[in-house]
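Q: Here you go, this is start_28.csv (CSV, C-alpha atoms).
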chain,number,residue,atom,x,y,z
A,1,MET,CA,60.8,3.4,4.7
A,2,LYS,CA,58.3,3.9,7.5
A,3,ARG,CA,55.4,1.5,7.1
A,4,PRO,CA,51.9,3.0,7.3
A,5,ALA,CA,50.0,2.4,10.5
A,6,ALA,CA,47.5,-0.5,10.1
A,7,HIS,CA,43.9,0.5,10.1
A,8,THR,CA,41.9,-0.8,13.1
A,9,SER,CA,38.2,-0.7,13.7
A,10,PRO,CA,36.8,0.9,16.8
A,11,ASP,CA,36.4,-1.5,19.8
A,12,PRO,CA,32.9,-2.6,20.6
A,13,ILE,CA,31.2,-0.6,23.3
A,14,PRO,CA,29.0,-3.1,25.2
A,15,GLY,CA,28.3,-0.7,28.0
A,16,SER,CA,26.1,1.5,25.8
A,17,LEU,CA,24.0,-1.4,24.7
A,18,ASP,CA,22.5,-2.5,28.0
A,19,ILE,CA,19.0,-3.7,27.3
A,20,SER,CA,16.6,-5.4,29.7
A,21,LEU,CA,13.9,-7.3,27.9
A,22,SER,CA,10.4,-7.1,29.2
A,23,LYS,CA,9.3,-10.6,28.0
A,24,LYS,CA,5.9,-9.0,27.2
A,25,ARG,CA,6.6,-8.5,23.5
A,26,SER,CA,8.3,-10.3,20.6
A,27,THR,CA,12.0,-10.4,21.5
A,28,VAL,CA,13.0,-9.5,18.0
A,29,ASP,CA,10.7,-6.4,17.9
A,30,GLU,CA,11.7,-5.2,21.3
A,31,LEU,CA,15.5,-5.5,20.5
A,32,ALA,CA,15.0,-3.7,17.2
A,33,ASP,CA,13.0,-0.9,18.9
A,34,ARG,CA,15.5,-0.4,21.8
A,35,VAL,CA,18.6,-0.4,19.5
A,36,ARG,CA,16.7,2.0,17.1
A,37,GLU,CA,16.0,4.4,20.0
A,38,LYS,CA,19.7,4.4,20.9
A,39,ILE,CA,20.8,5.2,17.3
A,40,LEU,CA,18.2,7.9,16.7
A,41,SER,CA,18.8,9.6,20.1
A,42,GLY,CA,22.6,9.8,19.2
A,43,GLU,CA,23.6,7.5,22.1
A,44,MET,CA,25.1,5.3,19.4
A,45,PRO,CA,26.6,7.7,16.8
A,46,PRO,CA,27.4,6.9,13.2
A,47,GLY,CA,30.5,4.6,13.0
A,48,THR,CA,29.8,2.9,16.2
A,49,ARG,CA,30.8,-0.8,16.0
A,50,LEU,CA,28.4,-3.2,17.7
A,51,PRO,CA,29.6,-6.3,19.6
A,52,THR,CA,29.2,-9.6,17.8
A,53,THR,CA,25.8,-11.3,17.7
A,54,GLN,CA,27.1,-13.9,20.1
A,55,GLN,CA,28.3,-11.2,22.6
A,56,LEU,CA,25.0,-9.3,22.3
A,57,ALA,CA,22.9,-12.5,22.8
A,58,ALA,CA,24.9,-13.3,26.0
A,59,GLN,CA,24.6,-9.7,27.2
A,60,TRP,CA,20.9,-9.5,26.6
A,61,GLY,CA,20.1,-13.0,27.8
A,62,THR,CA,18.5,-14.1,24.6
A,63,TYR,CA,19.3,-16.3,21.6
A,64,VAL,CA,21.7,-15.5,18.7
A,65,PRO,CA,18.9,-15.9,16.0
A,66,ALA,CA,16.8,-13.3,17.8
A,67,VAL,CA,19.7,-10.8,17.8
A,68,HIS,CA,20.5,-11.6,14.2
A,69,ALA,CA,16.8,-11.0,13.1
A,70,ALA,CA,16.7,-7.7,15.0
A,71,LEU,CA,19.9,-6.4,13.5
A,72,THR,CA,18.9,-7.5,10.1
A,73,ALA,CA,15.6,-5.5,10.4
A,74,LEU,CA,17.6,-2.4,11.4
A,75,THR,CA,20.0,-3.0,8.5
A,76,LYS,CA,17.0,-3.0,6.0
A,77,GLU,CA,15.8,0.2,7.6
A,78,GLY,CA,19.2,1.7,6.7
A,79,LEU,CA,20.3,2.2,10.4
A,80,LEU,CA,23.0,-0.4,10.4
A,81,ASP,CA,25.7,-1.5,8.0
A,82,ARG,CA,26.7,-5.2,8.3
A,83,ARG,CA,30.1,-5.8,6.7
A,84,HIS,CA,31.4,-9.3,6.1
A,85,ARG,CA,34.2,-10.2,8.5
A,86,MET,CA,34.3,-6.7,9.8
A,87,GLY,CA,31.2,-6.4,12.0
A,88,THR,CA,28.1,-4.4,12.3
A,89,PHE,CA,28.3,-0.6,12.4
A,90,VAL,CA,25.9,2.3,12.9
A,91,LYS,CA,25.5,3.6,9.4
A,92,GLU,CA,26.3,7.1,8.3
A,93,ARG,CA,22.9,8.5,7.1
A,94,GLU,CA,22.2,11.0,4.4
A,95,ALA,CA,19.9,13.6,5.9
A,96,ARG,CA,17.9,14.0,2.7
A,97,LEU,CA,16.0,11.5,0.6
A,98,SER,CA,17.4,12.1,-2.8
A,99,ARG,CA,17.3,8.8,-4.8
A,100,VAL,CA,14.1,6.8,-5.1
A,101,GLY,CA,13.2,3.8,-7.2
A,102,ILE,CA,9.9,3.1,-8.8
A,103,LEU,CA,8.6,-0.4,-9.7
A,104,ALA,CA,5.8,-0.2,-12.2
A,105,PRO,CA,3.9,-2.7,-14.4
A,106,GLY,CA,5.2,-3.2,-17.9
A,107,GLN,CA,1.7,-2.8,-19.2
A,108,LEU,CA,1.4,0.8,-17.8
A,109,TRP,CA,1.1,2.4,-21.2
A,110,GLN,CA,-1.3,-0.1,-22.7
A,111,ASP,CA,-4.9,0.9,-23.3
A,112,ALA,CA,-6.2,-0.9,-20.2
A,113,THR,CA,-8.7,0.9,-17.9
A,114,GLU,CA,-7.5,-1.2,-15.0
A,115,LEU,CA,-4.2,0.6,-15.0
A,116,LEU,CA,-5.4,4.2,-15.3
A,117,PHE,CA,-5.1,4.9,-11.6
A,118,ILE,CA,-1.6,3.4,-11.4
A,119,ARG,CA,-0.6,5.4,-14.5
A,120,GLU,CA,-1.9,8.6,-12.8
A,121,LEU,CA,0.2,7.8,-9.7
A,122,PHE,CA,3.3,7.2,-11.8
A,123,LEU,CA,3.0,10.5,-13.6
A,124,LEU,CA,2.3,12.4,-10.4
A,125,LEU,CA,5.3,10.7,-8.6
A,126,GLU,CA,7.6,11.6,-11.5
A,127,ALA,CA,6.4,15.3,-11.4
A,128,ARG,CA,6.7,15.4,-7.6
A,129,PHE,CA,10.3,14.1,-7.6
A,130,LEU,CA,11.4,16.3,-10.4
A,131,GLN,CA,10.1,19.3,-8.6
A,132,GLU,CA,11.9,18.3,-5.4
A,133,ASN,CA,15.1,17.4,-7.2
A,134,ILE,CA,14.9,13.7,-6.2
A,135,ARG,CA,16.5,11.4,-8.7
A,136,THR,CA,14.3,8.5,-9.8
A,137,THR,CA,15.1,5.1,-11.4
A,138,THR,CA,12.3,3.1,-12.8
A,139,TRP,CA,12.0,-0.6,-13.4
A,140,PHE,CA,9.1,-2.0,-15.4
A,141,GLU,CA,7.9,-5.4,-14.4
A,142,THR,CA,7.0,-7.2,-17.6
A,143,ARG,CA,6.4,-10.6,-15.9
A,144,LEU,CA,3.0,-11.5,-14.6
A,145,GLY,CA,1.6,-13.6,-11.7
A,146,GLU,CA,3.8,-16.3,-10.2
A,147,LYS,CA,6.7,-15.4,-12.6
A,148,THR,CA,7.3,-12.3,-10.4
A,149,THR,CA,8.3,-14.5,-7.4
A,150,THR,CA,12.0,-14.1,-8.2
A,151,PRO,CA,13.7,-10.7,-7.7
A,152,ILE,CA,14.7,-8.3,-10.5
A,153,PRO,CA,18.5,-8.5,-10.3
A,154,ALA,CA,19.2,-5.0,-11.4
A,155,LEU,CA,16.8,-3.6,-8.8
A,156,VAL,CA,18.3,-5.7,-6.0
A,157,LYS,CA,21.8,-4.5,-7.0
A,158,ALA,CA,20.8,-0.9,-7.0
A,159,ALA,CA,19.4,-1.2,-3.5
A,160,GLU,CA,22.5,-3.0,-2.2
A,161,ARG,CA,24.8,-0.5,-3.7
A,162,GLY,CA,23.0,2.5,-2.4
A,163,GLU,CA,22.0,3.7,-5.8
A,164,ILE,CA,18.4,4.1,-4.4
A,165,GLN,CA,17.5,4.9,-0.9
A,166,ALA,CA,13.9,3.7,-1.1
A,167,LEU,CA,11.4,2.1,-3.5
A,168,ILE,CA,7.8,2.7,-4.4
A,169,ALA,CA,6.3,-0.5,-5.7
A,170,LEU,CA,3.2,0.3,-7.8
A,171,ASN,CA,2.5,-3.4,-8.6
A,172,SER,CA,3.3,-5.3,-5.5
A,173,GLY,CA,1.3,-8.4,-4.7
A,174,GLN,CA,1.3,-11.9,-3.2
A,175,TYR,CA,4.0,-13.2,-5.4
A,176,ASN,CA,6.7,-10.4,-5.2
A,177,ALA,CA,6.0,-9.2,-1.7
A,178,ALA,CA,8.6,-11.5,-0.1
A,179,TRP,CA,11.6,-10.2,-2.1
A,180,LEU,CA,10.4,-6.6,-2.0
A,181,ASN,CA,10.1,-6.8,1.8
A,182,ALA,CA,13.6,-8.2,2.0
A,183,LEU,CA,15.3,-5.3,0.1
A,184,PRO,CA,17.8,-3.4,2.2
A,185,VAL,CA,15.9,-0.1,1.7
A,186,PRO,CA,12.4,1.0,2.8
A,187,VAL,CA,9.7,-0.1,0.4
A,188,THR,CA,6.2,1.2,0.2
A,189,GLY,CA,3.3,0.7,-2.2
A,190,LEU,CA,-0.4,-0.1,-2.4
A,191,GLY,CA,0.1,-3.8,-1.9
A,192,ARG,CA,-1.6,-5.1,1.3
A,193,VAL,CA,1.2,-7.6,1.9
A,194,LEU,CA,4.0,-5.0,2.1
A,195,LYS,CA,5.6,-4.4,5.4
A,196,HIS,CA,5.3,-0.7,4.8
A,197,ARG,CA,2.3,0.4,2.7
A,198,VAL,CA,-0.1,3.1,1.8
A,199,ASP,CA,-3.7,2.0,1.3
A,200,PHE,CA,-7.2,3.3,1.0
A,201,ASP,CA,-9.4,2.5,4.0
A,202,ILE,CA,-12.1,0.3,2.5
A,203,ASN,CA,-14.1,0.4,5.8
A,204,SER,CA,-14.3,4.2,5.3
A,205,PHE,CA,-15.5,3.7,1.7
A,206,PHE,CA,-18.4,1.4,2.6
A,207,GLU,CA,-19.4,3.4,5.7
A,208,ILE,CA,-19.7,6.5,3.5
A,209,ALA,CA,-21.4,4.8,0.6
A,210,LEU,CA,-23.9,2.8,2.6
A,211,THR,CA,-24.7,5.8,4.9
A,212,ARG,CA,-25.6,7.7,1.7
A,213,LEU,CA,-27.9,4.9,0.6
A,214,ARG,CA,-29.6,4.8,4.0
A,215,ASP,CA,-30.0,8.5,4.1
A,216,GLN,CA,-31.8,8.3,0.7
A,217,GLY,CA,-34.3,5.9,2.2
A,218,CYS,CA,-32.8,2.6,1.1
A,219,LYS,CA,-33.7,-0.5,3.1
A,220,SER,CA,-31.4,-2.9,1.2
A,221,ALA,CA,-28.1,-2.8,-0.6
A,222,GLY,CA,-26.1,-4.7,-3.2
A,223,LEU,CA,-22.5,-4.7,-4.3
A,224,ILE,CA,-20.9,-5.2,-7.6
A,225,SER,CA,-17.1,-5.3,-7.1
A,226,ALA,CA,-14.2,-6.1,-9.4
A,227,VAL,CA,-12.1,-6.9,-6.4
A,228,PRO,CA,-11.6,-10.7,-6.6
A,229,PRO,CA,-12.9,-13.2,-4.0
A,230,SER,CA,-9.4,-13.7,-2.7
A,231,HIS,CA,-9.6,-10.3,-1.1
A,232,ALA,CA,-12.3,-11.5,1.4
A,233,GLU,CA,-11.9,-8.5,3.7
A,234,HIS,CA,-13.4,-6.3,0.9
A,235,VAL,CA,-16.9,-8.0,1.0
A,236,GLN,CA,-16.6,-8.4,4.8
A,237,ALA,CA,-16.3,-4.7,5.2
A,238,PHE,CA,-19.4,-4.2,3.0
A,239,ARG,CA,-21.4,-6.6,5.1
A,240,ARG,CA,-20.3,-5.2,8.4
A,241,ALA,CA,-21.2,-1.7,7.4
A,242,ALA,CA,-24.6,-2.9,6.1
A,243,ARG,CA,-25.4,-4.7,9.3
A,244,ARG,CA,-24.5,-1.6,11.4
A,245,LEU,CA,-26.8,0.5,9.2
A,246,LYS,CA,-29.5,-2.1,9.3
A,247,LEU,CA,-29.6,-2.6,5.5
A,248,GLN,CA,-30.7,-5.9,4.1
A,249,VAL,CA,-28.2,-7.8,2.1
A,250,ARG,CA,-28.7,-11.1,0.1
A,251,ASP,CA,-25.9,-13.3,-1.2
A,252,ALA,CA,-27.3,-12.9,-4.7
A,253,TRP,CA,-26.8,-9.2,-4.5
A,254,VAL,CA,-23.1,-9.4,-3.7
A,255,ARG,CA,-21.2,-10.0,-6.9
A,256,ASN,CA,-17.4,-10.2,-6.9
A,257,THR,CA,-16.6,-13.3,-9.0
A,258,ILE,CA,-14.3,-11.5,-11.4
A,259,ARG,CA,-11.4,-13.6,-12.7
A,260,TYR,CA,-8.2,-12.2,-14.4
A,261,PRO,CA,-8.0,-11.1,-17.2
A,262,GLU,CA,-11.7,-10.2,-17.5
A,263,PRO,CA,-12.0,-6.5,-18.1
A,264,HIS,CA,-13.6,-4.6,-15.2
A,265,ASP,CA,-16.1,-2.6,-17.2
A,266,GLU,CA,-17.3,-5.8,-19.0
A,267,PHE,CA,-17.6,-7.5,-15.6
A,268,GLY,CA,-19.6,-4.6,-14.1
A,269,TYR,CA,-22.0,-4.6,-17.1
A,270,ASN,CA,-22.7,-8.3,-17.1
A,271,GLN,CA,-23.1,-8.5,-13.4
A,272,PHE,CA,-25.6,-5.7,-13.3
A,273,ARG,CA,-27.7,-7.3,-16.0
A,274,GLU,CA,-27.7,-10.6,-14.1
A,275,LEU,CA,-28.5,-8.9,-10.8
A,276,TRP,CA,-31.4,-6.9,-12.3
A,277,ALA,CA,-32.9,-10.1,-13.9
A,278,GLU,CA,-33.3,-11.6,-10.4
A,279,SER,CA,-36.8,-12.0,-9.1
A,280,GLY,CA,-35.9,-9.5,-6.3
A,281,HIS,CA,-33.2,-6.9,-6.2
A,282,PRO,CA,-32.0,-4.2,-3.8
A,283,ASP,CA,-33.2,-0.6,-3.8
A,284,GLY,CA,-29.6,0.6,-3.3
A,285,LEU,CA,-26.4,-0.4,-5.2
A,286,ILE,CA,-22.7,0.2,-4.8
A,287,ALA,CA,-20.1,-0.4,-7.6
A,288,PHE,CA,-16.4,-0.6,-7.0
A,289,PRO,CA,-13.9,0.4,-8.4
A,290,ASP,CA,-14.5,3.2,-10.9
A,291,ASN,CA,-13.7,1.1,-14.0
A,292,CYS,CA,-16.2,-1.5,-12.9
A,293,ALA,CA,-18.7,1.3,-12.0
A,294,LYS,CA,-18.6,2.5,-15.6
A,295,GLY,CA,-19.7,-1.0,-16.8
A,296,VAL,CA,-22.5,-0.9,-14.2
A,297,MET,CA,-23.6,2.5,-15.4
A,298,LEU,CA,-23.9,1.2,-18.9
A,299,GLY,CA,-25.9,-1.7,-17.7
A,300,ILE,CA,-28.3,0.6,-15.8
A,301,THR,CA,-28.8,2.9,-18.8
A,302,THR,CA,-29.3,0.0,-21.4
A,303,ALA,CA,-31.8,-1.7,-19.0
A,304,GLY,CA,-33.8,1.5,-18.8
A,305,VAL,CA,-33.5,1.6,-15.0
A,306,ARG,CA,-34.6,4.9,-13.6
A,307,VAL,CA,-32.1,6.4,-11.1
A,308,PRO,CA,-32.9,7.4,-8.4
A,309,GLU,CA,-36.6,6.5,-8.6
A,310,GLN,CA,-36.1,2.7,-9.1
A,311,LEU,CA,-32.6,2.4,-7.8
A,312,LYS,CA,-30.2,4.5,-5.7
A,313,VAL,CA,-26.6,4.2,-6.8
A,314,VAL,CA,-23.2,5.0,-5.3
A,315,PHE,CA,-20.1,4.7,-7.5
A,316,HIS,CA,-16.4,4.7,-6.6
A,317,LYS,CA,-14.4,7.4,-8.3
A,318,ASN,CA,-10.7,8.4,-8.5
A,319,ALA,CA,-10.9,12.2,-7.9
A,320,GLU,CA,-8.3,13.1,-10.5
A,321,LEU,CA,-9.6,10.8,-13.3
A,322,PRO,CA,-12.6,11.8,-15.6
A,323,PHE,CA,-15.8,9.9,-15.1
A,324,LEU,CA,-18.7,11.0,-17.3
A,325,CYS,CA,-21.8,9.9,-15.6
A,326,PRO,CA,-25.2,10.8,-17.1
A,327,ILE,CA,-27.3,9.3,-14.2
A,328,ALA,CA,-27.9,10.7,-10.7
A,329,ALA,CA,-25.3,8.6,-8.9
A,330,ALA,CA,-23.4,9.8,-5.9
A,331,MET,CA,-19.6,9.2,-6.0
A,332,VAL,CA,-17.3,8.3,-3.1
A,333,ALA,CA,-13.8,9.4,-4.2
A,334,ASN,CA,-10.2,8.8,-3.3
A,335,SER,CA,-7.3,11.1,-4.3
A,336,SER,CA,-4.2,10.3,-6.3
A,337,HIS,CA,-2.5,13.4,-5.0
A,338,GLN,CA,-3.2,12.4,-1.4
A,339,CYS,CA,-1.8,8.9,-2.2
A,340,VAL,CA,1.4,10.4,-3.6
A,341,ASP,CA,1.8,12.7,-0.6
A,342,ALA,CA,1.5,9.7,1.7
A,343,PHE,CA,4.1,7.7,-0.3
A,344,VAL,CA,6.6,10.5,0.0
A,345,ASP,CA,5.8,11.2,3.7
A,346,GLN,CA,6.2,7.5,4.6
A,347,LEU,CA,9.5,7.1,2.8
A,348,THR,CA,10.8,10.3,4.3
A,349,ARG,CA,10.0,9.2,7.8
A,350,LEU,CA,11.4,5.7,7.2
A,351,HIS,CA,14.6,7.2,5.8
A,352,ALA,CA,14.9,9.2,8.9
A,353,GLY,CA,14.7,6.0,11.0
A,354,GLU,CA,11.1,6.5,12.2
A,355,LYS,CA,8.6,3.7,12.5
A,356,CYS,CA,5.8,4.1,9.9
A,357,PRO,CA,4.4,0.7,9.0
A,358,GLU,CA,1.1,1.7,7.4
A,359,ILE,CA,-0.8,4.8,6.2
A,360,LEU,CA,-4.6,4.5,5.6
A,361,LEU,CA,-6.3,7.1,3.5
A,362,GLY,CA,-10.0,8.0,3.6
A,363,TYR,CA,-12.6,8.8,1.0
A,364,GLU,CA,-14.9,11.7,0.3
A,365,LEU,CA,-18.6,11.8,-0.7
A,366,ILE,CA,-19.4,13.7,-3.9
A,367,PRO,CA,-23.2,14.0,-4.2
A,368,PRO,CA,-24.8,14.1,-7.7
A,369,PRO,CA,-25.1,17.6,-9.1
A,370,LYS,CA,-28.4,19.3,-8.4
A,371,SER,CA,-30.8,19.6,-11.3
A,372,PRO,CA,-31.2,23.2,-12.5
A,373,PRO,CA,-34.6,24.7,-11.5
A,374,LYS,CA,-37.3,24.4,-14.2
How does the structure come out when it is put into structure tokens?
A:
Amino acid sequence: MKRPAAHTSPDPIPGSLDISLSKKRSTVDELADRVREKILSGEMPPGTRLPTTQQLAAQWGTYVPAVHAALTALTKEGLLDRRHRMGTFVKEREARLSRVGILAPGQLWQDATELLFIRELFLLLEARFLQENIRTTTWFETRLGEKTTTPIPALVKAAERGEIQALIALNSGQYNAAWLNALPVPVTGLGRVLKHRVDFDINSFFEIALTRLRDQGCKSAGLISAVPPSHAEHVQAFRRAARRLKLQVRDAWVRNTIRYPEPHDEFGYNQFRELWAESGHPDGLIAFPDNCAKGVMLGITTAGVRVPEQLKVVFHKNAELPFLCPIAAAMVANSSHQCVDAFVDQLTRLHAGEKCPEILLGYELIPPPKSPPK
């Protein structure tokens, strides 16, 4: 009987991988960019087997760890397939994004105002993917804090086996960012420590909100924020915008001492009452985010503060979520629909091999409704 021919892998093609390093950038980043360009341009078609990391390091005049790191980054992007004892190959890519994972907090359906925005995003994502015939797999993270440092085994296996092509992490943070960023599929989310992320531009928020206060005649401004002190850039953005607009700010008027698990609305209420009890207080006030703003609004009404005669107010609002506000407060809103569009756009571009590290979304001013003529 004739024996079947043995299967052999294609020979490496070092000639097509000529790369001259500029020495002006990170070697790892430059190598990844140059190989990515060759793959996306078709110069290295699917199935192409790369030389070994040792051969590439010698050819490119660099070190093996740098080559390994660059190829690992491209593998996580889905451009390369590294097979044990066989080599590294340009991966066959599915043209369409059709399988997406979602990581959501296990407390999503509990009656917690802090999760209303995340819940809205989750529902909008499911509706969007259903409409576009994209299959979703959802993992609910029931652990909290440092307990999320270790990966979710089922999620990691799904990514490694190609059961999902990308992941949206709705509860990423300092503890789980390391293993999320290490997954072999593109990952996006609202977490500021993710390699790829969608976020709302807090500088834009404070520029709009403080400009509104200045235009109303305010000379000073305060901030009550349920964003914890660990997010120092939040208050820094407020102070920068206030300085630019020449609005006075005192330390006693900046209140962001919230500690988990203190409810945001309770924090906002208590902080306003304490602020208003000070011997001096600002003539303009910003409250962020919306669930904290609701507590501030309650504090304003129960203290009998007249808005806008005694105090000008700007609240944060999520455009798609209800916010019943009986006082004449302006709102600076962000959109859940816009956020979902950005998630899908970013993952689509990353799946296609494009670079898309971050998308920042803006805010929109919603002035208080005009009083009907008497």
Q: Which residues come within 9 Å of Pro45 of chain A, counting all atoms listed in the file, excluding same-chain residues fewer than 6 positions away, as an MDAnalysis selection string?
A: chainID A and resid 38:39 90:92
Q: At what distance in Å, to one decimal, does atom CA of Pro186 of chain A lie from atom CA of Pro105 of chain A?
A: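 One can read the atom CA of Pro105 of chain A to atom CA of Pro186 of chain A distance as 19.5 Å.
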Q: May I ask for the distance between atom CA of Ala73 of chain A and atom CA of Ala352 of chain A, given in Å to one decimal place?
A: 14.8 Å
Q: Just to confirm, what's the straight-line distance from atom CA of Phe272 of chain A to atom CA of Val296 of chain A in Å (one decimal)?
A: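 Between atom CA of Phe272 of chain A and atom CA of Val296 of chain A the gap is 5.8 Å.
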Q: Give me the residues within 7 Å of segment 171-185 of chain A as a ChimeraX atom specification, counting all atoms listed in the file and dropping any in the same chain fewer than 2 places off.
A: /A:75-78,103-105,145-146,148-149,151,156,159-160,165-166,169,187,189,191,193-195
Q: Kindly provide the residues of segment 259-374 of chain A that approach segment 230-238 of chain A to within 12 Å, each paired with its closest atom pair and their distance in Å to one decimal, based on all atoms listed in the file, listed by chain and increasing number, as JSON lines.
A:
{"residue": "A:Arg259", "atom": "CA", "partner": "A:Ser230", "partner_atom": "CA", "distance": 10.2}
{"residue": "A:Tyr260", "atom": "CA", "partner": "A:Ser230", "partner_atom": "CA", "distance": 11.9}
{"residue": "A:Leu285", "atom": "CA", "partner": "A:Phe238", "partner_atom": "CA", "distance": 11.4}
{"residue": "A:Ile286", "atom": "CA", "partner": "A:Phe238", "partner_atom": "CA", "distance": 9.5}
{"residue": "A:Ala287", "atom": "CA", "partner": "A:Phe238", "partner_atom": "CA", "distance": 11.3}
{"residue": "A:Phe288", "atom": "CA", "partner": "A:His234", "partner_atom": "CA", "distance": 10.2}
{"residue": "A:Pro289", "atom": "CA", "partner": "A:His234", "partner_atom": "CA", "distance": 11.5}
